[in-house]
Amino acid sequence: MSEFVTVAHESDVAPGDVKVVEANGRSLCLGHCDDGTWGAIDNVCTHDGGVLGEGELEDCLVECPRHGARFDLATGEVKALPAVFPVNAYPVRVVNGEVQVDVGVLTKELEIG
């Protein structure tokens, strides 16, 4: 079931930045890519539990601040080791300046092992 929840105002996250937000009790890494697109993924690195929303964003890839694993902000796919398992990704939209995430629908379902 689709239910978008407002998690931030678009002015809260500058292009090229990420932020920790919460939607329906789920901690997310919300990112605003330099190309103007937005993405939201689970906030915990699958390698060693690092907080992705405290990492760096480059080319829509979030780098975990602990060991440098990188995740695609749109799909949650792993793009750099040491992580080998993806994180969940969620649809994001901007409506009247409000950034909204739908945690009820996965953009890409987590595929582990």
# chains A, B, ... in the order shown; residues from 1 in each chain; ligands from 1
$ closest_atom_pairs --of "range 41-93 of chain A" --to "range 13-33 of chain A" --cutoff "8 Å" --atoms "only C-alpha atoms" --output "tab-separated table"
residue	atom	partner	partner_atom	distance
A:Ile41	CA	A:Cys29	CA	5.4
A:Asp42	CA	A:Leu28	CA	4.7
A:Asn43	CA	A:Leu28	CA	4.4
A:Leu52	CA	A:Cys29	CA	5.9
A:Gly53	CA	A:Cys29	CA	4.4
A:Glu54	CA	A:Lys19	CA	6.8
A:Gly55	CA	A:Val18	CA	7.2
A:Glu56	CA	A:Asp17	CA	7.0
A:Leu57	CA	A:Gly16	CA	5.7
A:Glu58	CA	A:Gly16	CA	6.6
A:Asp59	CA	A:Cys33	CA	6.9
A:Cys60	CA	A:Cys33	CA	5.2
A:Val62	CA	A:Val18	CA	8.0
A:Leu73	CA	A:Gly31	CA	7.1
$ write_last_selection --atoms "N, CA and C atoms" --output "short mmCIF file (atom, residue, chain, number, x, y, z; two decimals), in the first residue's frame"
data_model
loop_
_atom_site.label_atom_id
_atom_site.label_comp_id
_atom_site.auth_asym_id
_atom_site.auth_seq_id
_atom_site.Cartn_x
_atom_site.Cartn_y
_atom_site.Cartn_z
N ILE A 41 17.13 5.50 1.19
CA ILE A 41 17.48 4.11 1.44
C ILE A 41 17.51 3.88 2.95
N ASP A 42 17.48 2.59 3.35
CA ASP A 42 17.63 2.29 4.77
C ASP A 42 18.93 2.92 5.25
N ASN A 43 18.92 3.36 6.50
CA ASN A 43 20.01 4.16 7.03
C ASN A 43 21.19 3.37 7.59
N LEU A 52 24.38 5.56 7.32
CA LEU A 52 24.58 6.07 5.96
C LEU A 52 24.25 7.55 5.83
N GLY A 53 23.27 8.01 6.60
CA GLY A 53 22.89 9.42 6.56
C GLY A 53 23.94 10.36 7.13
N GLU A 54 25.02 9.81 7.67
CA GLU A 54 26.15 10.61 8.15
C GLU A 54 27.33 10.50 7.18
N GLY A 55 27.10 9.85 6.05
CA GLY A 55 28.16 9.66 5.06
C GLY A 55 28.22 10.79 4.04
N GLU A 56 28.95 10.52 2.97
CA GLU A 56 29.12 11.48 1.88
C GLU A 56 28.33 11.02 0.67
N LEU A 57 27.87 11.97 -0.15
CA LEU A 57 27.12 11.67 -1.37
C LEU A 57 27.89 12.19 -2.57
N GLU A 58 28.15 11.31 -3.53
CA GLU A 58 28.80 11.70 -4.77
C GLU A 58 28.23 10.88 -5.91
N ASP A 59 27.79 11.55 -6.97
CA ASP A 59 27.18 10.88 -8.13
C ASP A 59 26.03 9.96 -7.71
N CYS A 60 25.22 10.42 -6.77
CA CYS A 60 24.07 9.66 -6.25
C CYS A 60 24.47 8.34 -5.58
N VAL A 62 25.96 6.90 -1.94
CA VAL A 62 26.21 7.24 -0.54
C VAL A 62 27.37 6.38 -0.04
N LEU A 73 21.81 5.44 -4.30
CA LEU A 73 20.70 6.07 -3.59
C LEU A 73 19.34 5.75 -4.21
#
$ select_by_dssp --residues "chain A" --states "strand (DSSP E)" --output "PyMOL selection string"
chain A and resi 4-9+17-23+26-32+38-42+56-58+61-63+70-72+78-80+89-90+92-95+98-102
$ write_last_selection --atoms "N, CA and C atoms" --output "tab-separated table (two decimals), in the first residue's frame"
chain	number	residue	atom	x	y	z
A	4	PHE	N	2.75	8.07	1.07
A	4	PHE	CA	3.89	8.97	1.18
A	4	PHE	C	3.82	9.77	2.48
A	5	VAL	N	4.98	9.91	3.12
A	5	VAL	CA	5.10	10.62	4.40
A	5	VAL	C	6.12	11.74	4.22
A	6	THR	N	5.78	12.93	4.67
A	6	THR	CA	6.73	14.05	4.59
A	6	THR	C	7.84	13.83	5.60
A	7	VAL	N	9.10	13.92	5.12
A	7	VAL	CA	10.25	13.69	5.98
A	7	VAL	C	11.16	14.92	6.08
A	8	ALA	N	11.00	15.87	5.17
A	8	ALA	CA	11.84	17.07	5.18
A	8	ALA	C	11.25	18.09	4.23
A	9	HIS	N	11.76	19.30	4.32
A	9	HIS	CA	11.47	20.33	3.33
A	9	HIS	C	12.64	20.31	2.36
A	17	ASP	N	24.06	16.53	-0.65
A	17	ASP	CA	24.07	16.18	0.77
A	17	ASP	C	23.09	15.05	1.09
A	18	VAL	N	23.32	14.43	2.24
A	18	VAL	CA	22.41	13.42	2.78
A	18	VAL	C	22.02	13.84	4.19
A	19	LYS	N	20.93	13.25	4.66
A	19	LYS	CA	20.42	13.57	5.99
A	19	LYS	C	19.70	12.35	6.54
A	20	VAL	N	19.81	12.14	7.85
A	20	VAL	CA	19.05	11.09	8.52
A	20	VAL	C	17.64	11.62	8.76
A	21	VAL	N	16.63	10.86	8.31
A	21	VAL	CA	15.23	11.22	8.54
A	21	VAL	C	14.49	9.97	9.03
A	22	GLU	N	13.28	10.18	9.50
A	22	GLU	CA	12.47	9.06	9.96
A	22	GLU	C	11.11	9.09	9.27
A	23	ALA	N	10.65	7.93	8.85
A	23	ALA	CA	9.33	7.80	8.24
A	23	ALA	C	8.64	6.57	8.81
A	26	ARG	N	10.82	4.22	10.72
A	26	ARG	CA	11.98	3.65	10.01
A	26	ARG	C	13.02	4.75	9.79
A	27	SER	N	14.26	4.47	10.19
A	27	SER	CA	15.35	5.41	9.98
A	27	SER	C	15.85	5.29	8.54
A	28	LEU	N	15.91	6.44	7.85
A	28	LEU	CA	16.30	6.47	6.44
A	28	LEU	C	17.43	7.45	6.20
A	29	CYS	N	18.17	7.18	5.14
A	29	CYS	CA	19.16	8.11	4.61
A	29	CYS	C	18.50	8.78	3.41
A	30	LEU	N	18.22	10.07	3.54
A	30	LEU	CA	17.61	10.85	2.46
A	30	LEU	C	18.71	11.63	1.77
A	31	GLY	N	18.78	11.54	0.46
A	31	GLY	CA	19.82	12.25	-0.28
A	31	GLY	C	19.26	13.08	-1.41
A	32	HIS	N	19.93	14.22	-1.64
A	32	HIS	CA	19.57	15.13	-2.73
A	32	HIS	C	20.77	15.16	-3.68
A	38	TRP	N	16.18	12.92	-6.01
A	38	TRP	CA	16.17	12.56	-4.59
A	38	TRP	C	16.16	11.05	-4.47
A	39	GLY	N	16.65	10.54	-3.35
A	39	GLY	CA	16.59	9.12	-3.08
A	39	GLY	C	16.53	8.87	-1.59
A	40	ALA	N	16.00	7.71	-1.23
A	40	ALA	CA	15.93	7.33	0.18
A	40	ALA	C	16.21	5.83	0.29
A	41	ILE	N	17.13	5.50	1.19
A	41	ILE	CA	17.48	4.11	1.44
A	41	ILE	C	17.51	3.88	2.95
A	42	ASP	N	17.48	2.59	3.35
A	42	ASP	CA	17.63	2.29	4.77
A	42	ASP	C	18.93	2.92	5.25
A	56	GLU	N	28.95	10.52	2.97
A	56	GLU	CA	29.12	11.48	1.88
A	56	GLU	C	28.33	11.02	0.67
A	57	LEU	N	27.87	11.97	-0.15
A	57	LEU	CA	27.12	11.67	-1.37
A	57	LEU	C	27.89	12.19	-2.57
A	58	GLU	N	28.15	11.31	-3.53
A	58	GLU	CA	28.80	11.70	-4.77
A	58	GLU	C	28.23	10.88	-5.91
A	61	LEU	N	25.71	8.26	-5.12
A	61	LEU	CA	26.18	7.11	-4.35
A	61	LEU	C	26.51	7.59	-2.94
A	62	VAL	N	25.96	6.90	-1.94
A	62	VAL	CA	26.21	7.24	-0.54
A	62	VAL	C	27.37	6.38	-0.04
A	63	GLU	N	28.35	7.04	0.55
A	63	GLU	CA	29.50	6.32	1.11
A	63	GLU	C	29.35	6.22	2.62
A	70	ARG	N	29.82	1.73	-0.58
A	70	ARG	CA	29.00	2.71	-1.30
A	70	ARG	C	27.72	2.05	-1.80
A	71	PHE	N	26.62	2.82	-1.71
A	71	PHE	CA	25.30	2.33	-2.10
A	71	PHE	C	24.66	3.31	-3.06
A	72	ASP	N	23.96	2.78	-4.07
A	72	ASP	CA	23.21	3.60	-5.01
A	72	ASP	C	21.97	4.13	-4.30
A	78	VAL	N	24.73	-2.24	-3.86
A	78	VAL	CA	26.11	-2.02	-3.43
A	78	VAL	C	26.95	-1.65	-4.65
A	79	LYS	N	27.73	-0.58	-4.53
A	79	LYS	CA	28.59	-0.15	-5.63
A	79	LYS	C	30.07	-0.21	-5.26
A	80	ALA	N	30.37	-0.43	-3.97
A	80	ALA	CA	31.77	-0.56	-3.54
A	80	ALA	C	31.83	-1.38	-2.26
A	89	ALA	N	15.54	0.45	-0.87
A	89	ALA	CA	15.35	1.79	-1.43
A	89	ALA	C	13.85	2.08	-1.54
A	90	TYR	N	13.49	3.36	-1.40
A	90	TYR	CA	12.08	3.75	-1.34
A	90	TYR	C	11.79	4.89	-2.31
A	92	VAL	N	10.62	8.42	-3.68
A	92	VAL	CA	10.66	9.77	-3.12
A	92	VAL	C	9.99	10.71	-4.11
A	93	ARG	N	9.24	11.67	-3.59
A	93	ARG	CA	8.66	12.71	-4.43
A	93	ARG	C	8.73	14.03	-3.67
A	94	VAL	N	8.65	15.14	-4.41
A	94	VAL	CA	8.61	16.47	-3.80
A	94	VAL	C	7.29	17.10	-4.20
A	95	VAL	N	6.50	17.51	-3.21
A	95	VAL	CA	5.20	18.13	-3.44
A	95	VAL	C	5.15	19.44	-2.66
A	98	GLU	N	7.73	19.93	-0.06
A	98	GLU	CA	7.87	18.88	0.95
A	98	GLU	C	8.43	17.62	0.30
A	99	VAL	N	9.50	17.08	0.90
A	99	VAL	CA	10.09	15.84	0.41
A	99	VAL	C	9.36	14.70	1.11
A	100	GLN	N	8.80	13.81	0.31
A	100	GLN	CA	7.99	12.72	0.84
A	100	GLN	C	8.56	11.37	0.40
A	101	VAL	N	8.51	10.41	1.33
A	101	VAL	CA	9.02	9.06	1.08
A	101	VAL	C	7.88	8.08	1.33
A	102	ASP	N	7.82	7.06	0.49
A	102	ASP	CA	6.83	6.00	0.65
A	102	ASP	C	7.53	4.75	1.17
$ atom_distance --atom1 "CA of Thr37 in chain A" --atom2 "CA of Glu10 in chain A"
11.0 Å
$ select_by_dssp --residues "chain A" --states "helix (DSSP H, G or I)" --output "PyMOL selection string"
chain A and resi 10-12+52-54
$ closest_residue --among "A:Asn96, A:Arg66, A:Pro91, A:Ala83" --to "Ser11 in chain A" --atoms "only C-alpha atoms"
A:Asn96
$ atom_distance --atom1 "CA of Gly97 in chain A" --atom2 "CA of Ala74 in chain A"
19.9 Å
$ atom_distance --atom1 "CA of His47 in chain A" --atom2 "CA of Phe85 in chain A"
7.5 Å
$ residues_around --residues "Gly50 in chain A" --least-positions-apart "3" --cutoff "7 Å" --atoms "only C-alpha atoms" --output "PDB file with C-alpha atoms, in the first residue's frame"
ATOM      1  CA  VAL A  44      22.150   1.242   8.246  1.00  0.00           C
ATOM      2  CA  CYS A  45      25.108  -0.108   6.252  1.00  0.00           C
ATOM      3  CA  CYS A  64      29.324   4.767   4.566  1.00  0.00           C
ATOM      4  CA  PRO A  65      31.408   6.812   7.024  1.00  0.00           C
ATOM      5  CA  ARG A  66      32.761   3.691   8.759  1.00  0.00           C
TER       6      ARG A  66
END
